[in-house]
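Okay, so here's the structure we're looking at.
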Amino acid sequence: MTKLNILLKTTAIAILFAVSLAAVPSAQDTAYTLKEIISIALERNPRIAAGAMEAEARESAYQASKKLINPQVDFGLGRAGYHDRPGGRRTFSLAVTQPIESPFKRRHRIEIEKNAWEESLQSQAFRTMEAVFDIKLGFYSLLLLQEREALLKRIAGSVREMEALVRKRAELGEVKHLDAIKLQVEALKAENELAALQAEIEQGRENLNVLLDNALPPGFKVSGKLDSRPVSLDADALVDRALAGHPLIRAEVSRLEQRRHNVLFVKGQRFPDFALTGFNDSGLDGVNRGVGITLSIPLWNFRSAELAEALSLSRMSEWEIGAARSELVRDIRNCVRRVRLAERTLSVYTAGLLRQVEESLTIAEVSYREGEISLLDFLDSQRTYNSVLGDYYQALFAWNVEMAALEKAAGAAIQ
């Protein structure tokens, strides 16, 4: 093989290697959709993971509560001496005692653990809904910042392009040099705003990544666009559905049932507990075998204080359920009103305002190039366009956030 062939082969390999490296996206350039981020959060979010462990512990406690009480075995060895003569004999005793829990207590004790487990499951569901809402808020915030970043980049690029054109015209004496300086100042302002916005984007990434236990690489991006869709909102239907199945309400109901069973459990403690014992006792005079029953009589402590506390907690839960339902109804209706207000705000932009400011900016740019309007008029038109477009993005962000808040309040997705 000649040196030329070796050189050509080496060059081809280097080119292929460079192309392959260029084809592999950087981890920092990876864009994640909202669905992907929520999926990661369900696995990595610390609060969700902690809630899952709590629910698992509650389930284990419930399963353990159904088991019987362990028996007690008493065994003894000794030597007994005769009273009327020297000597004696070896003795031993064996007794097996099985505590038997009162049925007035056992069923309610088990139900208390079951209700505690069910409450933890509903609390976990609500905790997940809160985490998803926080993630949506962070996701939409990053989308808004990315839209503003793209807008500022377009502004800076447009102003720089206009500055170069005006500078050439100023050199030809067609316009004042002051116009080029003003445009340069506008470009610098846009670039400074862009730098500040990029720092804000970095902070938004960190805030969102914390909710994912820092599972995403630094410099990640979010994929998607701020948008809205027509939705049919029936406040009464949303309220009815939420009152029947919202995790927050179901958790309160489980807590109420737990406390009601606790009242019955305390009342059950007023009945005697008993234990069944079988024994075999070998003494000096022979062997004594038999069975016995042990009763624990609640003579000195009739559980009056415990019962009063349990009744108070049960009544408190009833009031808490009423308060939770009232707050849920209020939150849903307020969210529906805010979504409708956001829809009306968006309609102002989509009905023609965006198109009008775009046409106005185009006309102003052409007019300035042809010398029909002043630089100040052109800059004013550009600022108006940028302000309206920024407000439109903010309105889209508000609609998405209000919809996420409504879904959280309603306890279900809204199509």
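Just remember, in the structure tokens the first chain shown is A, the second B, etc., residues are 1-based per chain, and ligands are 1-based in the order shown.
Omitting segment 210-217 of chain A and its sequence neighbours fewer than 3 positions away, and counting only C-alpha atoms, the residues within 9 Å are Ala27, Gln28, Thr30, Ile37, Ile38, Ile40, Ala41, Leu42, Glu43, Arg44, Asn45, Pro46, Arg47, Ala131, Asp134, Ile135, Arg205, Glu206, Asn207 and Phe220 of chain A.
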Can you pull out every residue within 10 Å of Arg107 of chain A, counting only C-alpha atoms, but drop anything in the same chain fewer than 5 positions away, and send it as a ChimeraX atom specification? /A:65-66,101-102,112,261,264-265,268
Can you tell me, as a PyMOL selection string, what residues are no more than 8 Å from segment 88-94 of chain A when counting only C-alpha atoms, ignoring any on the same chain fewer than 2 positions away? chain A and resi 73-82+86+96+279-284
Only N, CA and C atoms, please: the residues just picked out, written as a tab-separated table (two decimals), in the first residue's frame.
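The resulting file, result33.tsv, is reproduced below:
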chain	number	residue	atom	x	y	z
A	73	VAL	N	-45.20	-18.91	76.61
A	73	VAL	CA	-44.83	-20.21	77.18
A	73	VAL	C	-44.00	-19.96	78.44
A	74	ASP	N	-44.45	-20.58	79.57
A	74	ASP	CA	-43.71	-20.50	80.84
A	74	ASP	C	-43.25	-21.91	81.21
A	75	PHE	N	-41.95	-22.04	81.42
A	75	PHE	CA	-41.38	-23.34	81.77
A	75	PHE	C	-40.43	-23.16	82.95
A	76	GLY	N	-40.56	-24.10	83.94
A	76	GLY	CA	-39.72	-23.99	85.11
A	76	GLY	C	-39.22	-25.35	85.57
A	77	LEU	N	-38.00	-25.40	86.08
A	77	LEU	CA	-37.41	-26.60	86.67
A	77	LEU	C	-37.00	-26.28	88.11
A	78	GLY	N	-37.18	-27.28	89.02
A	78	GLY	CA	-36.78	-27.06	90.40
A	78	GLY	C	-36.62	-28.37	91.16
A	79	ARG	N	-36.38	-28.24	92.44
A	79	ARG	CA	-36.29	-29.42	93.33
A	79	ARG	C	-37.01	-29.08	94.63
A	80	ALA	N	-37.96	-29.90	94.97
A	80	ALA	CA	-38.75	-29.71	96.19
A	80	ALA	C	-38.30	-30.68	97.28
A	81	GLY	N	-38.22	-30.19	98.50
A	81	GLY	CA	-37.82	-31.04	99.63
A	81	GLY	C	-39.02	-31.47	100.45
A	82	TYR	N	-38.92	-32.70	101.06
A	82	TYR	CA	-39.99	-33.18	101.92
A	82	TYR	C	-39.98	-32.42	103.23
A	86	PRO	N	-35.87	-36.35	105.26
A	86	PRO	CA	-34.85	-35.82	104.34
A	86	PRO	C	-35.15	-36.23	102.89
A	96	VAL	N	-48.83	-22.80	78.89
A	96	VAL	CA	-48.96	-22.10	77.61
A	96	VAL	C	-50.18	-21.19	77.69
A	279	PHE	N	-51.89	-25.80	81.47
A	279	PHE	CA	-50.70	-25.96	82.31
A	279	PHE	C	-50.51	-27.42	82.72
A	280	ASN	N	-49.26	-27.74	83.03
A	280	ASN	CA	-48.85	-29.06	83.55
A	280	ASN	C	-47.80	-28.79	84.63
A	281	ASP	N	-48.21	-29.05	85.89
A	281	ASP	CA	-47.36	-28.70	87.03
A	281	ASP	C	-47.05	-29.96	87.83
A	282	SER	N	-45.77	-30.35	87.85
A	282	SER	CA	-45.33	-31.55	88.59
A	282	SER	C	-44.73	-31.12	89.92
A	283	GLY	N	-45.42	-31.47	91.05
A	283	GLY	CA	-44.95	-31.11	92.37
A	283	GLY	C	-44.63	-32.32	93.22
A	284	LEU	N	-44.54	-32.09	94.54
A	284	LEU	CA	-44.23	-33.19	95.45
A	284	LEU	C	-45.36	-34.21	95.51
Apply DSSP to the structure's backbone, then extract all residues of segment 257-348 of chain A labelled strand (DSSP E or B) and return them as a list in words.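 Matching residues, listed in order: Asp273, Phe274, Ala275, Leu276, Thr277, Gly278, Phe279, Asn280, Asp281, Ser282, Gly283, Gly286, Val287, Asn288, Arg289, Gly290, Val291, Gly292, Ile293, Thr294, Leu295 and Ser296 of chain A.
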Rank nothing, just name the residue among A:Thr128, A:Trp117, A:His83, A:Leu233 nearest to Asp285 of chain A, using only C-alpha atoms.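 Looking only at the distances to Asp285 of chain A, the closest residue turns out to be A:His83.
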Which of these residues is nearest to Gly224 of chain A, using only C-alpha atoms: A:Leu165, A:Leu376, A:Leu143, A:Ala190?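 Of all the options, A:Leu143 lies closest to Gly224 of chain A.
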Computed gap from atom CA of Glu358 of chain A to atom CA of Tyr393 of chain A is 14.9 Å
Would you mind listing what lies within 10 Å of Asn301 of chain A as a short mmCIF file (atom, residue, chain, number, x, y, z; two decimals) with N, CA and C atoms, in the first residue's frame, with only C-alpha atoms counted and same-chain residues fewer than 4 positions away left out?
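Everything below was put into out.cif:
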data_model
loop_
_atom_site.label_atom_id
_atom_site.label_comp_id
_atom_site.auth_asym_id
_atom_site.auth_seq_id
_atom_site.Cartn_x
_atom_site.Cartn_y
_atom_site.Cartn_z
N GLN A 269 -62.36 -1.23 74.85
CA GLN A 269 -61.42 -1.45 75.94
C GLN A 269 -62.08 -1.46 77.31
N ARG A 270 -63.36 -1.11 77.37
CA ARG A 270 -64.09 -1.19 78.63
C ARG A 270 -64.51 -2.62 78.95
N ILE A 297 -59.71 -6.94 84.24
CA ILE A 297 -60.93 -6.17 84.48
C ILE A 297 -60.58 -4.69 84.51
N ALA A 305 -61.37 9.39 79.76
CA ALA A 305 -60.61 10.47 79.13
C ALA A 305 -60.28 10.13 77.68
N GLU A 306 -59.84 8.88 77.45
CA GLU A 306 -59.52 8.47 76.08
C GLU A 306 -60.74 8.53 75.18
#
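Each of A:Met316, A:Leu406, A:Ile293, A:Ala95 was checked against Ile332 of chain A using only C-alpha atoms; the smallest atom-to-atom distance is that of A:Leu406.
For the pair atom CA of Ala125 of chain A and atom CA of Gly245 of chain A, the interatomic distance is 11.3 Å.
Atom CA of Arg383 of chain A is positioned 22.9 Å from atom CA of Ser141 of chain A.
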DSSP says helix (DSSP H, G or I) for which residues of segment 23-262 of chain A? Put them as an MDAnalysis selection string? chainID A and resid 23 27:29 34:44 46:65 103:171 177:210 235:245 247:262
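For Asp391 of chain A, the set of protein, DNA and RNA residues having any atom at most 12 Å away, when counting only C-alpha atoms and skipping those fewer than 3 positions along the same chain, is Leu144, Glu147, Arg148, Leu151, Thr345, Leu346, Val348, Tyr349, Leu353, Leu354, Thr384, Tyr385, Asn386, Ser387, Val388, Gln394, Ala395, Leu396, Phe397 and Ala398 of chain A.
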Would you kindly return, as a list in words, each protein, DNA or RNA residue with an atom no farther than 9 Å from any atom of Gln415 of chain A, considering only C-alpha atoms and excluding same-chain residues fewer than 6 positions away? Pro230, Val231 and Ser232 of chain A
Next, write the just-selected residues to a file, as a CSV table (one decimal), in the first residue's frame, keeping C-alpha atoms as the atom set.
chain,number,residue,atom,x,y,z
A,230,PRO,CA,-60.9,25.4,23.3
A,231,VAL,CA,-62.2,23.7,26.4
A,232,SER,CA,-65.8,23.3,27.6
Which residues are near segment 154-161 of chain A? Cut-off 9 Å, only C-alpha atoms, ignore same chain within fewer than 3 positions. Put them as a ChimeraX atom specification. /A:149-151,164-166,183-184,186-191,194,382,386
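Using only C-alpha atoms for every distance, the candidate list A:Asp179, A:Glu59, A:Glu309, A:Glu171 yields A:Glu309 as the residue closest to Asn262 of chain A.
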